[in-house]
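Structure, as structure tokens:
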Amino acid sequence: AQPYKLCDFKPAFGLIFSEHLKKYDFWGYCDVSDLLLGDLRSFFTEDVLDRYERCQYLGHISLYRNNERMNTLFMSQGKYPDLNYQDVFTTNDSCYFDEYRGMYAKCLVNDVKTFVETRWRDPQVNKDEFYDSRGRKFVVRWRGGHLMVCYEDSEVEIMYAHFFRRKFEIETVPQHLESIKVTPRLVSFNSDVCKSDFDRPEPLFRIKYELSKIKKNKY
């Protein structure tokens with residue numbers, strides 16, 4: 001099996017590591033190689049944690065309340081397309097059990113109260129530029145624990161950015177780190193967002209972006 005297969009076992013972590021989790025109200029998982037995190041507590045507030053059994057629903061980031069119901073939910077028996085853990089754990093194929101055909105389906109069927117925050121970015125639609133769902137170009141900036149989506153004329157705070165299968169040139173990390181800026185090709189440090197970050201040739205990128213939307217039927 002490939003290392004990615006480990007994702008199928010994530011939903012069982014609450015049970016597998018129960019001895020280590022006794023003093024915690026929640027447990028969870030997230031990607032470790034392609035995420036840039038913001039201020040999670042601005043989104044997972046005390047009110048949210050009091051009211052919900054699960055926070056988020058994708059393998060990027062998910063939190064589960066640390067109790068028997070949520071720690072054993074992965075074992076609930078489902079019908080197609082809901083996968084069963086016995087089948088998932090005994091094949092070398094990656095089944096995305098931490099997402100749609102696994103825990104997403106099981107949470108729906110079992111009426112799990114799930115908090116979903118949509119302020120995150122997954123800029124993988126177009127390989128040349130970062131576009132949001134409205135076709136606006138953006139870059140990402142982290143500073144002081146807060147993560148921002150920066151447009152040419154405004155910015156919005158987000159929970160995290162997921163840079164799925166993207167390759168970047170990365171500057172040398174300075175000894176004193178104040179900020180991180182991520183553009184489609186470069187990760188730079190201690191530099192401000194500027195107009196030149198948005199001044200790449202537009203027509204070809206825009207055509208490729210619109211074609212990718214049609215091809216993938218993503219929006």
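Identifiers for the structure tokens are assigned positionally: chains receive A, B, ... in sequence, residues are indexed from 1 per chain, and ligands are indexed from 1 in the order shown.
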- Message: Show me, as a ChimeraX atom specification, the residues that have an atom within 9 Å of region 65-71 of chain A when counting only C-alpha atoms, minus same-chain residues fewer than 6 positions from it.
- Response: /A:11-16,18,21-22,24-28,49,52-55,112
Those same residues, written as a CSV table (one decimal), in the first residue's frame with N, CA and C atoms?
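Below is the file part_18.csv, written as the result:
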```csv
chain,number,residue,atom,x,y,z
A,11,PRO,N,-10.2,8.0,10.7
A,11,PRO,CA,-11.4,8.0,11.5
A,11,PRO,C,-11.3,7.0,12.7
A,12,ALA,N,-10.4,6.1,12.8
A,12,ALA,CA,-10.2,5.2,13.9
A,12,ALA,C,-9.3,5.7,15.0
A,13,PHE,N,-8.7,6.9,14.8
A,13,PHE,CA,-7.7,7.4,15.7
A,13,PHE,C,-8.3,7.6,17.1
A,14,GLY,N,-9.5,8.0,17.2
A,14,GLY,CA,-10.1,8.2,18.5
A,14,GLY,C,-10.1,7.0,19.4
A,15,LEU,N,-10.4,5.8,18.7
A,15,LEU,CA,-10.4,4.6,19.4
A,15,LEU,C,-9.0,4.0,19.6
A,16,ILE,N,-8.2,4.1,18.5
A,16,ILE,CA,-6.8,3.6,18.6
A,16,ILE,C,-6.0,4.3,19.7
A,18,SER,N,-7.1,6.1,22.3
A,18,SER,CA,-8.0,6.5,23.4
A,18,SER,C,-7.3,6.7,24.7
A,21,LEU,N,-5.9,10.1,24.8
A,21,LEU,CA,-6.9,11.2,24.6
A,21,LEU,C,-7.8,11.5,25.7
A,22,LYS,N,-7.6,10.8,26.8
A,22,LYS,CA,-8.6,10.8,27.9
A,22,LYS,C,-8.9,12.2,28.4
A,24,TYR,N,-8.8,15.0,26.8
A,24,TYR,CA,-9.2,16.0,25.8
A,24,TYR,C,-10.7,15.9,25.4
A,25,ASP,N,-11.3,17.0,25.1
A,25,ASP,CA,-12.7,17.0,24.7
A,25,ASP,C,-12.9,16.6,23.3
A,26,PHE,N,-11.9,16.9,22.4
A,26,PHE,CA,-11.9,16.6,21.0
A,26,PHE,C,-10.6,16.0,20.6
A,27,TRP,N,-10.7,15.3,19.5
A,27,TRP,CA,-9.5,14.8,18.8
A,27,TRP,C,-9.8,15.0,17.3
A,28,GLY,N,-8.7,14.9,16.5
A,28,GLY,CA,-8.9,15.2,15.1
A,28,GLY,C,-7.7,14.9,14.3
A,49,LEU,N,-17.7,24.4,19.8
A,49,LEU,CA,-17.3,23.2,20.4
A,49,LEU,C,-18.4,22.7,21.4
A,52,TYR,N,-21.5,21.3,18.8
A,52,TYR,CA,-21.4,20.3,17.7
A,52,TYR,C,-20.6,19.1,18.1
A,53,GLU,N,-20.8,18.0,17.4
A,53,GLU,CA,-20.1,16.7,17.6
A,53,GLU,C,-18.9,16.6,16.7
A,54,ARG,N,-19.0,17.3,15.5
A,54,ARG,CA,-17.9,17.2,14.6
A,54,ARG,C,-17.7,18.6,14.0
A,55,CYS,N,-16.5,19.0,13.7
A,55,CYS,CA,-16.2,20.3,13.0
A,55,CYS,C,-15.4,20.0,11.7
A,112,VAL,N,-25.2,13.3,12.9
A,112,VAL,CA,-24.2,13.9,13.7
A,112,VAL,C,-24.2,15.4,13.4
```
- Item | Contact residues around Gln2 (chain A) with only C-alpha atoms at 10 Å, ignoring same-chain residues under 6 positions, as a ChimeraX atom specification | /A:92-94
- Can you list every residue in region 6-213 of chain A that DSSP puts in alpha helix (DSSP H), as a PyMOL selection string? chain A and resi 13-16+46-51+68-71+85-89+105-109+203-213
Neighbouring residues of Met103 (chain A) were defined as those with any atom within 12 Å, considering only C-alpha atoms; residues of the same chain fewer than 4 positions away were excluded. Please report them as a short mmCIF file (atom, residue, chain, number, x, y, z; two decimals) with N, CA and C atoms, in the first residue's frame.
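The resulting file, out-v8.cif, is shown below:
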```
data_model
loop_
_atom_site.label_atom_id
_atom_site.label_comp_id
_atom_site.auth_asym_id
_atom_site.auth_seq_id
_atom_site.Cartn_x
_atom_site.Cartn_y
_atom_site.Cartn_z
N CYS A 7 -4.61 7.57 5.33
CA CYS A 7 -5.79 8.43 5.47
C CYS A 7 -7.03 7.62 5.80
N ASP A 8 -7.10 6.38 5.32
CA ASP A 8 -8.27 5.55 5.57
C ASP A 8 -8.40 5.16 7.04
N PHE A 9 -7.31 5.26 7.78
CA PHE A 9 -7.34 4.87 9.19
C PHE A 9 -7.57 6.05 10.13
N LYS A 10 -7.56 7.25 9.60
CA LYS A 10 -7.74 8.44 10.44
C LYS A 10 -9.01 8.39 11.28
N PRO A 11 -10.17 7.98 10.73
CA PRO A 11 -11.40 7.97 11.53
C PRO A 11 -11.35 7.05 12.75
N ALA A 12 -10.38 6.14 12.78
CA ALA A 12 -10.25 5.22 13.92
C ALA A 12 -9.29 5.74 14.98
N ARG A 54 -18.98 17.27 15.52
CA ARG A 54 -17.89 17.23 14.57
C ARG A 54 -17.72 18.62 13.96
N GLN A 56 -15.97 20.48 10.63
CA GLN A 56 -15.48 20.23 9.27
C GLN A 56 -15.73 18.78 8.87
N TYR A 57 -15.56 18.49 7.57
CA TYR A 57 -15.97 17.18 7.08
C TYR A 57 -14.99 16.56 6.09
N LEU A 58 -13.90 17.24 5.78
CA LEU A 58 -12.92 16.73 4.83
C LEU A 58 -11.67 16.24 5.55
N GLY A 59 -10.82 15.54 4.79
CA GLY A 59 -9.59 15.05 5.37
C GLY A 59 -8.57 16.14 5.64
N SER A 62 -10.42 17.80 10.36
CA SER A 62 -11.67 17.34 10.98
C SER A 62 -11.45 17.19 12.48
N LEU A 63 -12.43 17.62 13.26
CA LEU A 63 -12.43 17.43 14.71
C LEU A 63 -13.63 16.58 15.10
N TYR A 64 -13.44 15.68 16.07
CA TYR A 64 -14.51 14.84 16.58
C TYR A 64 -14.59 14.98 18.09
N MET A 70 -18.70 9.04 18.87
CA MET A 70 -17.89 9.55 17.77
C MET A 70 -16.63 8.70 17.54
N ASN A 71 -16.10 8.12 18.62
CA ASN A 71 -14.88 7.33 18.49
C ASN A 71 -15.13 5.98 17.81
N THR A 72 -16.37 5.53 17.82
CA THR A 72 -16.69 4.25 17.19
C THR A 72 -17.60 4.42 15.98
N LEU A 73 -17.86 5.64 15.57
CA LEU A 73 -18.76 5.88 14.44
C LEU A 73 -18.25 5.23 13.16
N PHE A 74 -16.94 5.15 13.01
CA PHE A 74 -16.37 4.57 11.79
C PHE A 74 -16.77 3.10 11.65
N MET A 75 -17.21 2.47 12.73
CA MET A 75 -17.57 1.06 12.70
C MET A 75 -19.03 0.82 12.35
N SER A 76 -19.81 1.89 12.22
CA SER A 76 -21.22 1.71 11.88
C SER A 76 -21.35 1.10 10.49
N GLN A 77 -22.28 0.18 10.34
CA GLN A 77 -22.45 -0.55 9.09
C GLN A 77 -23.33 0.23 8.13
N GLY A 78 -22.84 0.44 6.93
CA GLY A 78 -23.58 1.23 5.96
C GLY A 78 -23.93 0.43 4.72
N PRO A 81 -23.64 4.12 -1.12
CA PRO A 81 -22.18 4.20 -1.29
C PRO A 81 -21.39 4.31 0.01
N ASP A 82 -22.06 4.15 1.16
CA ASP A 82 -21.38 4.23 2.45
C ASP A 82 -20.50 2.99 2.62
N LEU A 83 -19.20 3.20 2.78
CA LEU A 83 -18.25 2.09 2.91
C LEU A 83 -18.23 1.54 4.33
N ASN A 84 -17.89 0.29 4.48
CA ASN A 84 -17.72 -0.33 5.79
C ASN A 84 -16.23 -0.53 6.09
N TYR A 85 -15.89 -0.32 7.35
CA TYR A 85 -14.47 -0.27 7.70
C TYR A 85 -13.76 -1.60 7.46
N CYS A 95 -9.35 4.37 -0.13
CA CYS A 95 -10.81 4.44 -0.25
C CYS A 95 -11.38 5.80 0.17
N TYR A 96 -10.53 6.73 0.60
CA TYR A 96 -10.99 8.05 1.05
C TYR A 96 -12.02 7.89 2.17
N PHE A 97 -11.73 6.98 3.08
CA PHE A 97 -12.66 6.68 4.17
C PHE A 97 -12.82 7.84 5.13
N ASP A 98 -11.86 8.75 5.14
CA ASP A 98 -11.96 9.93 6.00
C ASP A 98 -12.83 11.01 5.38
N GLU A 99 -13.33 10.77 4.16
CA GLU A 99 -14.11 11.80 3.48
C GLU A 99 -15.47 11.25 3.02
N CYS A 107 -21.71 10.33 9.09
CA CYS A 107 -22.21 11.44 9.89
C CYS A 107 -23.61 11.86 9.44
N LEU A 108 -23.85 11.85 8.14
CA LEU A 108 -25.18 12.19 7.63
C LEU A 108 -26.22 11.16 8.08
N VAL A 109 -25.92 9.90 7.90
CA VAL A 109 -26.87 8.83 8.23
C VAL A 109 -27.17 8.80 9.73
N ASN A 110 -26.19 9.13 10.55
CA ASN A 110 -26.35 9.05 12.00
C ASN A 110 -26.67 10.39 12.64
N ASP A 111 -27.06 11.37 11.82
CA ASP A 111 -27.49 12.69 12.33
C ASP A 111 -26.47 13.33 13.27
N VAL A 112 -25.22 13.26 12.88
CA VAL A 112 -24.16 13.90 13.66
C VAL A 112 -24.22 15.41 13.43
N THR A 114 -22.81 18.63 12.75
CA THR A 114 -21.52 18.98 12.16
C THR A 114 -21.45 20.47 11.87
#
```
Residues within 9 Å of region 163-165 of chain A, please, as a PDB file with N, CA, C and O atoms, in the first residue's frame. Count only C-alpha atoms; anything in the same chain fewer than 6 positions from it doesn't count.
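Result written to result.pdb:
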```pdb
ATOM      1  N   SER A  33       1.417  18.235   5.123  1.00  0.00           N
ATOM      2  CA  SER A  33       2.418  18.678   4.151  1.00  0.00           C
ATOM      3  C   SER A  33       1.938  19.774   3.212  1.00  0.00           C
ATOM      4  O   SER A  33       2.755  20.394   2.528  1.00  0.00           O
ATOM      5  N   ASP A  34       0.639  20.033   3.154  1.00  0.00           N
ATOM      6  CA  ASP A  34       0.146  20.985   2.150  1.00  0.00           C
ATOM      7  C   ASP A  34      -0.866  21.977   2.716  1.00  0.00           C
ATOM      8  O   ASP A  34      -1.658  22.543   1.980  1.00  0.00           O
ATOM      9  N   LEU A  35      -0.849  22.190   4.033  1.00  0.00           N
ATOM     10  CA  LEU A  35      -1.753  23.151   4.667  1.00  0.00           C
ATOM     11  C   LEU A  35      -0.977  24.333   5.230  1.00  0.00           C
ATOM     12  O   LEU A  35       0.145  24.184   5.716  1.00  0.00           O
ATOM     13  N   LEU A  36      -1.598  25.500   5.164  1.00  0.00           N
ATOM     14  CA  LEU A  36      -1.141  26.670   5.900  1.00  0.00           C
ATOM     15  C   LEU A  36      -2.299  27.073   6.792  1.00  0.00           C
ATOM     16  O   LEU A  36      -3.381  27.428   6.307  1.00  0.00           O
ATOM     17  N   ARG A 121      -9.532  27.973   1.623  1.00  0.00           N
ATOM     18  CA  ARG A 121      -9.262  27.979   0.192  1.00  0.00           C
ATOM     19  C   ARG A 121      -8.505  26.722  -0.211  1.00  0.00           C
ATOM     20  O   ARG A 121      -7.637  26.242   0.512  1.00  0.00           O
ATOM     21  N   ASP A 122      -8.872  26.205  -1.383  1.00  0.00           N
ATOM     22  CA  ASP A 122      -8.242  25.033  -1.958  1.00  0.00           C
ATOM     23  C   ASP A 122      -7.891  25.366  -3.407  1.00  0.00           C
ATOM     24  O   ASP A 122      -8.542  24.903  -4.333  1.00  0.00           O
ATOM     25  N   PRO A 123      -6.872  26.205  -3.615  1.00  0.00           N
ATOM     26  CA  PRO A 123      -6.612  26.750  -4.962  1.00  0.00           C
ATOM     27  C   PRO A 123      -5.930  25.767  -5.898  1.00  0.00           C
ATOM     28  O   PRO A 123      -4.769  25.905  -6.251  1.00  0.00           O
ATOM     29  N   GLN A 124      -6.670  24.761  -6.316  1.00  0.00           N
ATOM     30  CA  GLN A 124      -6.086  23.742  -7.188  1.00  0.00           C
ATOM     31  C   GLN A 124      -6.737  23.708  -8.558  1.00  0.00           C
ATOM     32  O   GLN A 124      -6.299  22.981  -9.441  1.00  0.00           O
TER      33      GLN A 124
END
```
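Using only C-alpha atoms, the residues found no farther than 7 Å from Met159 (chain A), other than those of its own chain fewer than 5 positions away, are Leu37, Gly38, Asp39, Leu40, Phe43, Arg119, Trp120 and Leu147 of chain A.
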Excluding region 180-195 of chain A and its own-chain neighbours fewer than 6 positions away, which residues fall within 6 Å of it when counting only C-alpha atoms? Please give them as a short mmCIF file (atom, residue, chain, number, x, y, z; two decimals) with N, CA and C atoms, in the first residue's frame.
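Now in around-v4.cif:
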```cif
data_model
loop_
_atom_site.label_atom_id
_atom_site.label_comp_id
_atom_site.auth_asym_id
_atom_site.auth_seq_id
_atom_site.Cartn_x
_atom_site.Cartn_y
_atom_site.Cartn_z
N GLU A 129 -2.78 30.14 -11.66
CA GLU A 129 -3.22 31.23 -10.79
C GLU A 129 -4.06 30.70 -9.65
N VAL A 139 -3.86 36.02 -3.55
CA VAL A 139 -2.69 35.41 -2.94
C VAL A 139 -3.02 35.19 -1.47
N VAL A 140 -2.20 34.43 -0.79
CA VAL A 140 -2.45 34.10 0.61
C VAL A 140 -1.33 34.67 1.46
N ARG A 141 -1.72 35.27 2.60
CA ARG A 141 -0.71 35.84 3.51
C ARG A 141 -1.00 35.42 4.94
N TRP A 142 0.02 34.95 5.62
CA TRP A 142 -0.06 34.65 7.05
C TRP A 142 0.75 35.68 7.82
N PHE A 168 6.20 24.60 -5.18
CA PHE A 168 6.58 26.00 -5.05
C PHE A 168 8.10 26.14 -5.00
N GLU A 169 8.55 27.29 -5.44
CA GLU A 169 9.89 27.73 -5.07
C GLU A 169 9.76 28.35 -3.70
N ILE A 170 10.63 28.01 -2.78
CA ILE A 170 10.53 28.49 -1.40
C ILE A 170 11.79 29.26 -1.03
N GLU A 171 11.63 30.49 -0.65
CA GLU A 171 12.77 31.30 -0.22
C GLU A 171 13.36 30.73 1.07
#
```
- Message: I'd like the contact shell of Glu155 (chain A) - 9 Å cut-off, only C-alpha atoms, skipping same-chain residues fewer than 6 positions apart - returned as a VMD selection string.
- Response: chain A and resid 138 148 to 149
- Query: What are the DSSP strand (DSSP E) residues of region 136-203 of chain A, as a PyMOL selection string?
  - Reply: chain A and resi 139-143+146-150+155-158+160-162+169-170+179-182+186-189
- Which of these, A:Thr45, A:Arg166, A:Ala161, A:Gly102, has the shortest distance to Gln86 (chain A) once you count only C-alpha atoms? A:Gly102
- Please indicate the distance in Å from CA of Phe130 (chain A) to CA of Tyr100 (chain A), rounded to one decimal place. 24.9 Å
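Each of A:Phe44, A:Asp50, A:His60, A:Tyr4 was compared to Tyr29 (chain A) using only C-alpha atoms, and A:His60 turns out to be the nearest.
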